[in-house]
Structures are given as C-alpha cells and as structure tokens.
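In what follows, a single structure is set out as structure tokens and then discussed.
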Amino acid sequence: MTAERAEEADIVLAASFTIDPARETMAYLSDLLGWRGGVEIAPYAQVFQQILDPMSALRRGSNRASVLAIRLRDLIAGDQSPQDCAEELAATIASVSWPAPLLVLLCPQERPDPQIEAAQGVLAERLAGQLAGRSNVSLARAEDAFALYEVPAPFDPIADASGHVPYTEAGMAALGAQIIRWTDAATRKPLKILASDCDHTLWAGVLGEDGVDGITLSAGHLALQAALAAQAEAGRVVALLSKNEDADVLRAFDERDEFALPLSSVLARSIGWEPKPQGLAQIAARFEAGLDTVLFLDDNPVECAQMQAAHPAVTTIRVPTDPAQIARFAAHLWPLDLTGTTDEDRKRVQRYRDEAARAEERQHAGTLRDFLASLQLRIEIDAAAPADLPRLAQLSLRTTQFNAALKPMSEAELAGQISDPAALLFTVRVRDRFGDYGLVGAMRAQIEGARLSVDQFLLSCRALGRGVEHAMLRRLGEAAEQHGAEEIALEITHGPRNQPVRAFLAKVLGTAELAAELPPDLAEGTLLRPACGYRAAAFDADAPDAEDRPAPASTSGSDALTRSAAYERLSLELTSARALLAALRGSALARPALETPWRAPAPGLEAQITAIWEDVLGLTGIGAEDRFVDLGGRSIQLVRIHARIVTELGLPAALTDLFEHTSPAALARHLSRTRPQAQGAHARIHARIEERARKMLAKRLAQPVAQPGTNPLAQTAAPQGRTAKP
C-alpha cells in the first residue's frame, strides 16, 4: 500500500496489518472536529522500519500524533517465539525519542493463541515499565474500542486471508474512532474547569421541589458523578452551577451517602438564581482560567444556548434527559479523556486551595511589599533533571502568554540537551509558606563563544507578579558570566497572546519596541543585550503595575462552538460503530460522470452486488455496467467487497474474480454461471456430513449409557499417537 498524505498530516499511522479501511472513519471524525490536516498511512508491513528510521513518516515530528497498530502475530519472524518478538518490539519502541505523541495500539487476532496472548501481556508490561515517566507515549487495546463502540464480532477472516484486513467494517470504524479520540485528548488544549448543573444532570429530579430524599440516582447519574470525581483526582477543577439554594445542595451532598462525587472533590460553587454565564465567568476568573479551558454540562437546552451566546469559547454540551442514556453519554464524553497526566497536574487542586489562602492573606496585607514578605517566597532555579522533562514539555505547550519564543519542546529534544555540555536547561520552582507552586518556568540556552543564545524563556501565569520573572533574568545573566559570555541573545516570537512577556522585557531591558504589535513579516526576531543588563534586573514591589497579571486568553468563539457541536454529537449520537457507519453512508457522494452509459441494475444478484459496491465505495446511483476503476475504487475496497459477497450472499467467489469481472453486471453473470456448480458441491458436502452424523448416532446408541455428570461426546478417545482436536 502506498502512503496517502495530506500536505500536513494530523496523524501518521503504521500498522502490522492493512488498516486502510479505518481511514474513512478517521477522516470523517477529523473533519467533524475541524482539523485541517489528514491521515497518512505508512507503507504496508513496515513497523520496525518506521520505528527505527529517524526520517520515517512516523518519526519526522511534523504531524500532530503518531500511532502504531500492532497485531503481534504479524511481526513474528521465522522460528522466533512470540515472547522474544514482544521483548524485541518493546525495546525498539522504548529506544526511540518520539517527537510527537505516540499511541501503541495492541490489536487482537481472531483465534486465541495462549502463547501470543501471553506475549501480548509481556509487551504491554514491558512498554509500561520502559516508558514510565514519558507522558507523550500511551498504550491502548483495540478490545476496549470494540466494547465501547458495540462491536461483538469484530473479526473478518475472509478479508484477513485475502487482503490482511483482520476486522470488519464495524471493527475498523471502532479502531478509527479510538485513534481520533486519543489524538484529540493528547493534542488539544487541556481543560481546567468542569462546571456541571445539578438537577436532572447529577441526579434525577428538582431538589427544591422533591427535597433531598426525593431526588433519585440512576446508574447513569452515578457514572457521570464518578467521571467528574476522577477529573478532580487528576487535577481539574470541578464546579457546580445550579439554580437552587446553596444550603439544599450542601445537604444533598452531606446526606446522600451513595453519591459518587464527594463534596470534597468540588472546588467551586455558583448556586443561586443569577444567570449561569455570570457565575461561570466568576469561577473562571477566580482560577485564572481562560474560558476555552472550561467545560459546561447541563440538561437544559435553554441554559446551554444562553451559555453559548454569552461565552462562545466555553465548551458547552447538553446532557441527555433520559437517565438510561447518561452512562453511555459519560463513557463517550471526549473532553474528559486524559493522557500524559503529570505529577504537577495531580497536585493542581491543592495548589488552587493554596492560592485561595494567599488571596485571603493579600486582602489583609497593607502593601504588596508586606504581602510578599509574609509569603516567605523561595525561588529555586536549577539545572533540569530527566524527571523534569515531561513537565517541561507540557509547559512549553500550555504556556502561551508569558512565553517569549512560543516554541514547543518535546521530551526527546529536551533529553538530548541535558547531555549536551554546551546547552543550558533550567527549571524554575517556587514555594512559600502556603504551599508549593511546583515547576512553573523554564529557560533554555546555548553557549556560543562570547554570546549566550536563549531560545526558551517561559513562566506560568500563576507565578507572575512576585519577582520570579526578574530572578529568571538574573540567572541568565549569571550563567553568561560563568561561561564568559558578554551578551545575551533572547529569541522572541510576536504571537497573538504573548504580549505580557514582551511588555515585561520592554520594561526591564529597555526595549519599548517589543511591546508594540508588529506586522506579520516582522513577527520574529532576536533581542541582543549586554549580559550585565540581565544581572541588574530587579523587581520593584512599589511600582503601580507590580501586581498586574495578564487576563486569561481564549481561542475564538467560532472554533469553540464547532468543538462543542462535535463533542455533543460524539457523546449523544456517534456512540456505536453502527452509528458511525450510518453517518459515513449518510455523506455518500453521487456517482461521478462517466463515459459508460448508465443502466439500472437488474433485480436479483446484479442489484445485490451493486448495493454492496455503493456501500463500500460511498457512492449512490452506481450503474450495472460501471467499471470499478472508473468509480475511483481502491484495491483495499475490493477486498472488502469480496468478503461481503462471500459472507452476505453466500457465494464462493475468489478475489481474482473481482479483478477480472470489473462491473456489477459482469460479476453477476460470472457468479450466476458458477453458482449452480457451487450449490451442487455444497449439497454433496452436506449430504456426507449428514450420513456421517447418522452413523455416529447409531454407534452411540449401541454403547452403554454414560454415567450421570459426564459428557458422552468427550469419551471418544483420540487415535493412538495423535492429539484430539476440538
């Protein structure tokens, strides 16, 4: 199979089997999410080559994400044992520094093989151990997708034998959805706040009317509550937005022991009779979160519409009103998916509580100088360690306002620089008497003779306004002095959101032009200043703007509305492989204009074959004499058509028949001629089977009756020297 690549692929996919049929689902869901790139499938059966070649499509790093779909039996070479193959594959994957997020998708085979199943377990165990701490590599199992998207029979042995396509259309649709869902979770801007309604969302009923004892909890409500509790454990803010009395809601959480969402997991509440958009805006401001990092859940379509009108950047999703649908809804709520969660993420909720304590302290402190003195602030700027790399890579992606160069850093890239003696990689940590801010900043520089070139200077907004940014400049000045550099070149990109860092550099280093918005052709540059200017950077706590912090930035409302609509469809409608395939077929194209005159398919076999062609090719109005190649058909689609003719029509067609008889009419004529012979052969086979069964039954009746509790069919001994087979 040759690779088909968009100009900039979102996903590069390498598989040990033919995975091309999943492309259609992946393309459909990518378009639904508003992605601009495409899907590139690496050359067929080149898994190890793609992993080992640094210039391969899988590793070149310009894509959004990379995926390895592995069916272990496909990779076993010669007399190699399955376990040896698993060990080799795990070591090979772990030996690579992956520039883009990587998913390793383990796929099953139809016939269980104890050795291969054990080796699959070894592979998963080795990968989990060897990749621990590498937040950009994930492991998943295709069986989970088959279960989630309701594909009880995912295997297609006929297509597997003829074209190495092991799964049915439904199975491939589930795999495609699993890959797009993981890619979305691994690459989108992470959510910070999950705000949920209460009545008819977290429980059934209206609390103000039914009372604490009158509201009911279905399995779906409990599933949604449990999902929100898991989000709190992962470091996201769970908030309640409800038109109720606050005391009533607190009583419900206190008295209903069966709640799966404890009140301790709820970090913010806006409960009362004010408009929900107003309450949500206050919560977002409290946690310094952009509205595009907020998810709002409500069963009421009017409340959802009001939220979208007031705050289009918020991801707003309507919760189904039928309690029986809520469990499925929660399982398909893509924004809740988490990948690459770091220790910093898990500690975030405690840091929010610490920040609330600081805010209260600030209200009682007279001046900023007094407040900072009371904090007992400690700033630690040290050389980065390997354990810091996942968080540093995460910071480079998430920090958009106080980030000078706006250059994403991968763990692979950072790992190489730790061992480079000419490279400097600094981490910035902050703590005070209220708690630990964590790893909040980074700087990266290269020693180039008398110059120190800095291409990373970034700091989380939660640490701004306390002199941390000034300490970072001083540390760069000290590093330049230590290495004999007289000047520092700081790389700056003028992005849509990083005006705060440019304004800071303009003020401290005396470069007023940095604060201006430059035209696109002057969007990037290098600030060259003497190192002594960096060493003299000082924080003035008495300055009027000393406490100023940038307002959280958000993406455009139109993008968020597109995303909200997509997530709502994915959680309410596209929750099974059947629904995915129906959506794909609903977008079928009309038959292209051909030189071949159109003729309606004749009733019977010709019409049946044409219907299969239309289904697989995604076209309507195919004529009986239309040639497969003229319709734009691909060889992999021919494999699927062949499998469906065999399984659905019961015809013993060979794949070569489809290559030789290239229109529905020609294929129908050919199969009509061969069908009587095939039916006669089938009849003779069935007659022999029935005769053998009659003889076995007569023999069984002549034997003694089996003892109770035994299986008479299991008492027949195998011929000597041969193992009985089921």
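Each chain in the structure tokens gets a letter, A, B and so on, in the order shown; residues start at 1 in every chain, and ligands are counted from 1 in the order they appear.
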
Extract, using only C-alpha atoms, all DNA, RNA and protein residues at most 8 Å from A:Arg351, discarding same-chain residues fewer than 5 positions from it, and format them as a PyMOL selection string.
chain A and resi 435-437

At a cut-off of 9 Å, using only C-alpha atoms, what residues contact stretch 125-128 of chain A? Leave out same-chain residues fewer than 5 positions from it and give the result as a compact mmCIF listing (two decimals) with N, CA, C and O atoms, in the first residue's frame.
# COMPACT_ATOMS: atom_id res chain seq x y z
N ALA A 86 7.87 -10.00 21.30
CA ALA A 86 7.33 -8.94 22.16
C ALA A 86 8.44 -8.17 22.85
O ALA A 86 8.40 -6.93 22.93
N GLU A 87 9.45 -8.88 23.34
CA GLU A 87 10.58 -8.23 24.02
C GLU A 87 11.33 -7.31 23.04
O GLU A 87 11.69 -6.18 23.38
N ALA A 90 9.15 -4.15 22.24
CA ALA A 90 9.11 -3.21 23.36
C ALA A 90 10.42 -2.45 23.47
O ALA A 90 10.43 -1.22 23.66
N ALA A 91 11.54 -3.15 23.35
CA ALA A 91 12.84 -2.50 23.45
C ALA A 91 13.05 -1.51 22.31
O ALA A 91 13.62 -0.42 22.50
N ILE A 93 10.69 0.17 20.57
CA ILE A 93 9.86 1.35 20.78
C ILE A 93 10.44 2.24 21.87
O ILE A 93 10.51 3.47 21.74
N ALA A 94 10.91 1.63 22.96
CA ALA A 94 11.45 2.40 24.09
C ALA A 94 12.78 3.07 23.76
O ALA A 94 13.16 4.04 24.40
N GLN A 120 1.52 -10.83 24.26
CA GLN A 120 0.89 -9.50 24.23
C GLN A 120 0.92 -8.88 25.63
O GLN A 120 1.17 -7.68 25.80
N SER A 138 1.47 6.57 24.91
CA SER A 138 0.31 5.93 25.53
C SER A 138 0.16 4.52 24.98
O SER A 138 0.59 4.21 23.87
N LEU A 139 -0.50 3.68 25.78
CA LEU A 139 -0.76 2.29 25.40
C LEU A 139 -2.25 2.05 25.48
O LEU A 139 -2.92 2.47 26.43

Determine which residues of stretch 455-602 of chain A DSSP labels as strand (DSSP E or B) from the backbone of this structure, then write them out as a compact mmCIF listing (two decimals) with N, CA, C and O atoms, in the first residue's frame.
# COMPACT_ATOMS: atom_id res chain seq x y z
N ASP A 455 16.66 30.45 23.67
CA ASP A 455 15.51 30.22 22.80
C ASP A 455 14.28 29.75 23.57
O ASP A 455 13.26 29.41 22.96
N GLN A 456 14.38 29.73 24.92
CA GLN A 456 13.20 29.43 25.73
C GLN A 456 13.24 30.29 26.98
O GLN A 456 14.22 30.28 27.74
N PHE A 457 12.16 31.05 27.19
CA PHE A 457 12.02 31.86 28.39
C PHE A 457 10.53 31.91 28.67
O PHE A 457 9.77 32.64 28.03
N LEU A 458 10.06 31.10 29.62
CA LEU A 458 8.62 30.99 29.85
C LEU A 458 8.32 30.78 31.32
O LEU A 458 9.12 30.18 32.06
N LEU A 459 7.15 31.24 31.74
CA LEU A 459 6.74 31.16 33.14
C LEU A 459 5.22 31.07 33.21
O LEU A 459 4.51 31.81 32.52
N GLU A 487 27.28 38.96 26.04
CA GLU A 487 25.95 39.41 25.62
C GLU A 487 25.01 38.23 25.56
O GLU A 487 25.42 37.06 25.45
N ILE A 488 23.73 38.55 25.63
CA ILE A 488 22.68 37.52 25.61
C ILE A 488 21.73 37.83 24.46
O ILE A 488 21.23 38.96 24.33
N ALA A 489 21.51 36.82 23.63
CA ALA A 489 20.55 36.93 22.52
C ALA A 489 19.30 36.13 22.90
O ALA A 489 19.36 34.91 23.05
N LEU A 490 18.19 36.83 23.09
CA LEU A 490 16.94 36.21 23.51
C LEU A 490 15.97 36.15 22.34
O LEU A 490 15.61 37.18 21.76
N GLU A 491 15.57 34.96 21.97
CA GLU A 491 14.67 34.76 20.83
C GLU A 491 13.24 35.13 21.22
O GLU A 491 12.75 34.71 22.27
N ILE A 492 12.59 35.91 20.36
CA ILE A 492 11.24 36.38 20.65
C ILE A 492 10.36 36.17 19.43
O ILE A 492 10.75 36.50 18.31
N THR A 493 9.20 35.62 19.67
CA THR A 493 8.17 35.50 18.63
C THR A 493 6.98 36.35 19.05
O THR A 493 6.52 36.27 20.18
N GLU A 524 9.05 37.79 14.15
CA GLU A 524 10.06 37.10 14.93
C GLU A 524 11.36 37.88 14.90
O GLU A 524 11.66 38.61 13.96
N GLY A 525 12.12 37.72 15.96
CA GLY A 525 13.40 38.40 16.00
C GLY A 525 14.21 37.97 17.20
O GLY A 525 13.81 37.10 17.96
N THR A 526 15.38 38.59 17.37
CA THR A 526 16.28 38.27 18.47
C THR A 526 16.62 39.56 19.20
O THR A 526 17.05 40.54 18.59
N LEU A 527 16.42 39.56 20.50
CA LEU A 527 16.77 40.69 21.34
C LEU A 527 18.21 40.51 21.83
O LEU A 527 18.51 39.54 22.52
N LEU A 528 19.08 41.42 21.46
CA LEU A 528 20.50 41.33 21.82
C LEU A 528 20.81 42.43 22.83
O LEU A 528 20.69 43.62 22.52
N ARG A 529 21.22 42.02 24.03
CA ARG A 529 21.53 42.97 25.09
C ARG A 529 22.75 42.49 25.88
O ARG A 529 23.00 41.27 25.96
N PRO A 530 23.49 43.41 26.49
CA PRO A 530 24.63 43.01 27.33
C PRO A 530 24.17 42.17 28.50
O PRO A 530 23.09 42.38 29.06
N LEU A 589 -21.41 10.18 -1.74
CA LEU A 589 -21.38 11.06 -2.91
C LEU A 589 -22.15 10.44 -4.07
O LEU A 589 -22.34 9.22 -4.13
N ALA A 590 -22.57 11.28 -4.97
CA ALA A 590 -23.27 10.79 -6.16
C ALA A 590 -22.25 10.18 -7.13
O ALA A 590 -21.07 10.54 -7.13

For A:Glu660, please output as a CSV table (one decimal) with N, CA and C atoms, in the first residue's frame all residues within 12 Å (counting only C-alpha atoms; exclusion window: fewer than 4 positions along the same chain).
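selection02.csv was written with the following content:
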chain,number,residue,atom,x,y,z
A,627,ARG,N,-17.5,0.5,-14.4
A,627,ARG,CA,-16.3,-0.3,-14.0
A,627,ARG,C,-15.7,0.3,-12.7
A,628,PHE,N,-15.2,-0.7,-11.9
A,628,PHE,CA,-14.7,-0.4,-10.6
A,628,PHE,C,-13.7,0.7,-10.6
A,629,VAL,N,-12.7,0.6,-11.5
A,629,VAL,CA,-11.6,1.6,-11.5
A,629,VAL,C,-12.1,3.0,-11.9
A,638,LEU,N,-11.8,-3.4,-2.8
A,638,LEU,CA,-12.2,-4.7,-3.5
A,638,LEU,C,-12.1,-5.8,-2.5
A,653,ALA,N,-17.0,-16.8,-4.1
A,653,ALA,CA,-16.3,-16.0,-5.1
A,653,ALA,C,-14.8,-16.0,-4.7
A,654,ALA,N,-13.9,-15.9,-5.7
A,654,ALA,CA,-12.5,-15.7,-5.4
A,654,ALA,C,-12.2,-14.3,-5.6
A,655,LEU,N,-11.2,-13.8,-4.9
A,655,LEU,CA,-10.8,-12.4,-5.1
A,655,LEU,C,-10.4,-12.1,-6.5
A,656,THR,N,-9.8,-13.0,-7.2
A,656,THR,CA,-9.4,-12.8,-8.6
A,656,THR,C,-10.6,-12.6,-9.5
A,664,PRO,N,-20.6,-4.5,-11.8
A,664,PRO,CA,-21.6,-5.4,-11.2
A,664,PRO,C,-22.2,-6.4,-12.1
A,666,ALA,N,-21.0,-7.7,-15.0
A,666,ALA,CA,-20.1,-8.8,-15.4
A,666,ALA,C,-19.9,-9.7,-14.2
A,667,LEU,N,-19.7,-9.2,-13.0
A,667,LEU,CA,-19.5,-10.1,-11.9
A,667,LEU,C,-20.7,-10.9,-11.6
A,670,HIS,N,-20.9,-13.8,-14.1
A,670,HIS,CA,-19.9,-14.8,-13.8
A,670,HIS,C,-20.3,-15.7,-12.6
A,671,LEU,N,-20.8,-15.0,-11.5
A,671,LEU,CA,-21.2,-15.8,-10.4
A,671,LEU,C,-22.4,-16.6,-10.6

With 12 Å as the cut-off and only C-alpha atoms counted, what is the closest atom pair between each nearby residue of stretch 292-363 of chain A and stretch 413-433 of chain A? Distances in Å to one decimal, ordered by chain and number, as JSON lines.
{"residue": "A:Glu344", "atom": "CA", "partner": "A:Arg429", "partner_atom": "CA", "distance": 11.4}
{"residue": "A:Arg351", "atom": "CA", "partner": "A:Arg431", "partner_atom": "CA", "distance": 10.4}
{"residue": "A:Asp354", "atom": "CA", "partner": "A:Arg433", "partner_atom": "CA", "distance": 9.4}
{"residue": "A:Glu355", "atom": "CA", "partner": "A:Asp432", "partner_atom": "CA", "distance": 10.6}
{"residue": "A:Ala357", "atom": "CA", "partner": "A:Arg433", "partner_atom": "CA", "distance": 10.3}
{"residue": "A:Arg358", "atom": "CA", "partner": "A:Arg433", "partner_atom": "CA", "distance": 9.4}
{"residue": "A:Glu361", "atom": "CA", "partner": "A:Arg433", "partner_atom": "CA", "distance": 11.3}

Discussion item. Neighbouring residues of stretch 192-197 of chain A were defined as those with any atom within 9 Å, considering only C-alpha atoms; residues of the same chain fewer than 6 positions away were excluded. Please report them as a PyMOL selection string.
Written reply: chain A and resi 228+231+235-243+268-269+280+283-284+287+289-291+293-299+336

At a cut-off of 8 Å, using only C-alpha atoms, what residues contact stretch 21-26 of chain A? Leave out same-chain residues fewer than 6 positions from it and give the result as number ranges by chain.
A: 39, 169, 172-173, 175-177, 179-180, 580-581, 584, 636-637

DSSP alpha helix (DSSP H) residues within stretch 357-432 of chain A, as a count of residues only:
34

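Of note, atom CA of A:Glu486 and atom CA of A:Ala538 are spaced 19.5 Å apart.
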
Separating atom CA of A:Arg502 from atom CA of A:Leu406, to the nearest tenth of an Å, is a gap of 11.8 Å

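Minimum atom-to-atom distance to A:Gly632, evaluated using only C-alpha atoms, belongs to A:Pro592 out of A:Pro496, A:Pro592, A:Gly604, A:Pro390.
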
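We find atom CA of A:Phe329 and atom CA of A:Ala223 to be spaced 9.3 Å apart.
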